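Raw model-v1.pdb, PDB, C-alpha atoms:
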```pdb
ATOM      1  CA  MET A  29       0.000   0.000   0.000  1.00  0.00           C
ATOM      2  CA  GLN A  30       1.333   3.397  -0.956  1.00  0.00           C
ATOM      3  CA  ALA A  31       0.157   6.748   0.382  1.00  0.00           C
ATOM      4  CA  THR A  32       0.808  10.186  -0.972  1.00  0.00           C
ATOM      5  CA  LEU A  33       0.969  13.226   1.250  1.00  0.00           C
ATOM      6  CA  ARG A  34      -0.438  16.279  -0.452  1.00  0.00           C
ATOM      7  CA  ARG A  35       0.512  19.678   0.886  1.00  0.00           C
ATOM      8  CA  GLU A  36      -1.276  22.888  -0.047  1.00  0.00           C
ATOM      9  CA  LYS A  37       0.927  25.382  -1.828  1.00  0.00           C
ATOM     10  CA  ILE A  38       1.645  28.607   0.019  1.00  0.00           C
ATOM     11  CA  ILE A  39       1.492  31.620  -2.285  1.00  0.00           C
ATOM     12  CA  SER A  40       3.739  34.499  -1.231  1.00  0.00           C
ATOM     13  CA  GLN A  41       3.215  38.028  -2.455  1.00  0.00           C
ATOM     14  CA  GLU A  42       4.626  41.479  -1.730  1.00  0.00           C
ATOM     15  CA  LYS A  43       8.020  40.689  -0.241  1.00  0.00           C
ATOM     16  CA  THR A  44       9.399  43.680   1.700  1.00  0.00           C
ATOM     17  CA  THR A  45      12.651  44.159   3.597  1.00  0.00           C
ATOM     18  CA  TYR A  46      11.769  44.930   7.216  1.00  0.00           C
ATOM     19  CA  MET A  47      15.321  45.145   8.577  1.00  0.00           C
ATOM     20  CA  GLU A  48      18.812  44.817   7.082  1.00  0.00           C
ATOM     21  CA  VAL A  49      22.100  44.522   8.989  1.00  0.00           C
ATOM     22  CA  LEU A  50      25.638  44.131   7.693  1.00  0.00           C
ATOM     23  CA  GLY A  51      27.534  41.854  10.061  1.00  0.00           C
ATOM     24  CA  GLY A  52      31.213  42.020  10.947  1.00  0.00           C
ATOM     25  CA  ASN A  53      31.874  38.973   8.775  1.00  0.00           C
ATOM     26  CA  ARG A  54      30.562  40.795   5.637  1.00  0.00           C
ATOM     27  CA  VAL A  55      27.294  38.895   5.670  1.00  0.00           C
ATOM     28  CA  THR A  56      24.088  40.855   5.120  1.00  0.00           C
ATOM     29  CA  TYR A  57      21.229  39.673   7.318  1.00  0.00           C
ATOM     30  CA  ARG A  58      17.655  40.663   6.480  1.00  0.00           C
ATOM     31  CA  VAL A  59      14.261  40.255   8.090  1.00  0.00           C
ATOM     32  CA  ILE A  60      11.746  39.987   5.261  1.00  0.00           C
ATOM     33  CA  SER A  61       8.029  40.690   5.591  1.00  0.00           C
ATOM     34  CA  THR A  62       5.866  38.662   3.210  1.00  0.00           C
ATOM     35  CA  LYS A  63       2.147  38.631   2.577  1.00  0.00           C
ATOM     36  CA  VAL A  64       1.115  34.964   2.322  1.00  0.00           C
ATOM     37  CA  ILE A  65      -2.111  33.355   1.130  1.00  0.00           C
ATOM     38  CA  GLN A  66      -2.692  29.945   2.725  1.00  0.00           C
ATOM     39  CA  HIS A  67      -6.012  28.065   2.916  1.00  0.00           C
ATOM     40  CA  GLY A  68      -7.631  31.083   1.273  1.00  0.00           C
ATOM     41  CA  GLU A  69      -6.607  33.407   4.114  1.00  0.00           C
ATOM     42  CA  GLU A  70      -4.171  36.283   3.834  1.00  0.00           C
ATOM     43  CA  ARG A  71      -1.595  36.831   6.599  1.00  0.00           C
ATOM     44  CA  ILE A  72       1.796  38.432   7.183  1.00  0.00           C
ATOM     45  CA  THR A  73       4.811  36.264   7.936  1.00  0.00           C
ATOM     46  CA  TYR A  74       8.443  37.175   8.571  1.00  0.00           C
ATOM     47  CA  GLY A  75      11.428  35.447   7.041  1.00  0.00           C
ATOM     48  CA  ILE A  76      15.196  35.595   7.376  1.00  0.00           C
ATOM     49  CA  GLU A  77      17.809  36.015   4.638  1.00  0.00           C
ATOM     50  CA  ALA A  78      21.586  35.769   4.920  1.00  0.00           C
ATOM     51  CA  GLU A  79      23.712  36.798   1.955  1.00  0.00           C
ATOM     52  CA  THR A  80      27.438  37.101   1.396  1.00  0.00           C
ATOM     53  CA  LYS A  81      29.246  38.180  -1.729  1.00  0.00           C
ATOM     54  CA  ILE A  82      32.764  37.006  -2.513  1.00  0.00           C
ATOM     55  CA  GLY A  83      33.822  38.642  -5.741  1.00  0.00           C
ATOM     56  CA  PRO A  84      31.162  38.050  -8.387  1.00  0.00           C
ATOM     57  CA  ILE A  85      29.737  35.020  -6.510  1.00  0.00           C
ATOM     58  CA  LYS A  86      26.767  35.410  -4.139  1.00  0.00           C
ATOM     59  CA  PHE A  87      25.872  32.927  -1.437  1.00  0.00           C
ATOM     60  CA  LYS A  88      22.314  33.401  -0.221  1.00  0.00           C
ATOM     61  CA  GLU A  89      20.101  31.337   2.047  1.00  0.00           C
ATOM     62  CA  ASN A  90      16.643  32.216   3.292  1.00  0.00           C
ATOM     63  CA  ILE A  91      13.822  30.947   5.426  1.00  0.00           C
ATOM     64  CA  ASP A  92      10.694  32.544   3.963  1.00  0.00           C
ATOM     65  CA  ASP A  93       8.280  31.747   6.779  1.00  0.00           C
ATOM     66  CA  PHE A  94      10.396  31.847   9.928  1.00  0.00           C
ATOM     67  CA  SER A  95       7.776  33.356  12.245  1.00  0.00           C
ATOM     68  CA  ASP A  96       4.461  35.194  12.421  1.00  0.00           C
ATOM     69  CA  ASP A  97       5.923  37.397  15.174  1.00  0.00           C
ATOM     70  CA  VAL A  98       8.242  40.227  14.114  1.00  0.00           C
ATOM     71  CA  LYS A  99       9.950  40.328  17.542  1.00  0.00           C
ATOM     72  CA  GLN A 100      10.985  36.692  17.229  1.00  0.00           C
ATOM     73  CA  ALA A 101      12.361  37.231  13.706  1.00  0.00           C
ATOM     74  CA  VAL A 102      14.334  40.331  14.760  1.00  0.00           C
ATOM     75  CA  THR A 103      15.708  38.547  17.842  1.00  0.00           C
ATOM     76  CA  PHE A 104      16.873  35.672  15.639  1.00  0.00           C
ATOM     77  CA  ALA A 105      18.501  38.075  13.154  1.00  0.00           C
ATOM     78  CA  GLU A 106      20.343  39.751  16.050  1.00  0.00           C
ATOM     79  CA  LEU A 107      21.553  36.324  17.203  1.00  0.00           C
ATOM     80  CA  LEU A 108      22.868  35.610  13.690  1.00  0.00           C
ATOM     81  CA  VAL A 109      24.771  38.904  13.627  1.00  0.00           C
ATOM     82  CA  LYS A 110      26.192  38.451  17.131  1.00  0.00           C
ATOM     83  CA  ASN A 111      27.412  34.894  16.446  1.00  0.00           C
ATOM     84  CA  HIS A 112      28.691  35.606  12.886  1.00  0.00           C
ATOM     85  CA  ILE A 113      26.576  32.786  11.405  1.00  0.00           C
ATOM     86  CA  LYS A 114      27.342  32.041   7.743  1.00  0.00           C
ATOM     87  CA  PRO A 115      24.458  31.777   5.257  1.00  0.00           C
ATOM     88  CA  SER A 116      24.928  28.006   4.918  1.00  0.00           C
ATOM     89  CA  LEU A 117      24.306  27.548   8.661  1.00  0.00           C
ATOM     90  CA  ILE A 118      21.114  29.556   9.205  1.00  0.00           C
ATOM     91  CA  TYR A 119      18.881  26.459   9.118  1.00  0.00           C
ATOM     92  CA  ASN A 120      20.852  24.837  11.943  1.00  0.00           C
ATOM     93  CA  ALA A 121      20.808  28.093  13.903  1.00  0.00           C
ATOM     94  CA  ALA A 122      17.039  28.390  13.342  1.00  0.00           C
ATOM     95  CA  LEU A 123      16.428  24.886  14.675  1.00  0.00           C
ATOM     96  CA  CYS A 124      18.501  25.606  17.795  1.00  0.00           C
ATOM     97  CA  PHE A 125      16.780  28.979  18.307  1.00  0.00           C
ATOM     98  CA  LEU A 126      13.263  27.620  17.893  1.00  0.00           C
ATOM     99  CA  ARG A 127      14.005  24.615  20.100  1.00  0.00           C
ATOM    100  CA  LYS A 128      14.942  26.983  22.948  1.00  0.00           C
ATOM    101  CA  THR A 129      12.045  29.412  22.448  1.00  0.00           C
ATOM    102  CA  ILE A 130       9.169  26.967  22.015  1.00  0.00           C
TER     103      ILE A 130
END
```
As structure tokens:
Amino acid sequence: MQATLRREKIISQEKTTYMEVLGGNRVTYRVISTKVIQHGEERITYGIEAETKIGPIKFKENIDDFSDDVKQAVTFAELLVKNHIKPSLIYNAALCFLRKTI
């Protein structure tokens, strides 16, 4: 027997930069505000982006729907800046952060 899990697509619209910080390690951290339509309802969610540029090459990672609370997203961005987290490690940092705050 085989089962298929179907997940409703989340449609994001109107992405806006809420906060942007350049860290000491030359990584730009952003808190992004996004209007999302899910289950027919419109809501605002906050995401995190980390971007570094080495010459012509950009390394960028993002978590589009990190939190519905702007305070939590800003606190996490401040933690990233303080600990000099590279873009490739923001998912691990997010798991550790959310594990401690939930």
Open item on the list: Under the rule that all atoms listed in the file are counted, which of A:Val98, A:Phe104, A:Asn111, A:Glu69 is the nearest residue to A:Phe125?
Closed with: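 Selected residue with least distance to A:Phe125: A:Phe104.
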Open item on the list: as a list in words, please: the residues near A:Thr44 (cut-off 9 Å, all atoms listed in the file, same-chain neighbours under 4 positions excluded).
Closed with: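 Counting only the stated atoms, we get Val59, Ile60, Ser61, Thr62 and Lys63 of chain A.
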I need the chosen residues saved as a JSON list (two decimals), in the coordinates of the input, with C-alpha atoms.
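Written out: again09.json:
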```json
[["chain", "number", "residue", "atom", "x", "y", "z"],
["A", 59, "VAL", "CA", 14.26, 40.26, 8.09],
["A", 60, "ILE", "CA", 11.75, 39.99, 5.26],
["A", 61, "SER", "CA", 8.03, 40.69, 5.59],
["A", 62, "THR", "CA", 5.87, 38.66, 3.21],
["A", 63, "LYS", "CA", 2.15, 38.63, 2.58]]
```
Open item on the list: Report as an MDAnalysis selection string all protein, DNA and RNA residues lying within 10 Å of stretch 78-81 of chain A, evaluated on all atoms listed in the file, omitting residues in the same chain fewer than 2 positions from it.
Closed with: chainID A and resid 48:51 53:59 76 83:91 105 108:109 113:118
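Across the model, the gap from atom CA of A:Leu126 to atom CA of A:Lys99 is 13.1 Å.
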Open item on the list: Restricting the calculation to all atoms listed in the file: of A:Ile82, A:Ile130, A:Ala121, A:Ile72, which residue gets closest to A:Glu106?
Closed with: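 Smallest distance to A:Glu106 is found for A:Ala121.
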TODO: Could you please determine the separation between atom CA of A:Lys43 and atom CA of A:Leu123 in Å, to one decimal place?
DONE: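 Computing it gives 23.3 Å between the two atoms.
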Task: Interatomic distance (Å, one decimal) between atom CA of A:Thr103 and atom CA of A:Thr129 - done: 10.9 Å
Output as AutoDock Vina command-line options the centre and edge lengths (Å, one decimal) of the box along x, y and z of the file that holds every listed atom of stretch 78-95 of chain A after adding 5 Å on each side.
```
--center_x 20.8 --center_y 34.8 --center_z 1.9 --size_x 36.0 --size_y 17.7 --size_z 30.6
```
- [ ] Have a look at A:Gln41, A:Gly52, A:Ser95, A:Lys110 and name the one nearest to A:Thr73; count only C-alpha atoms.
- [x] A:Ser95
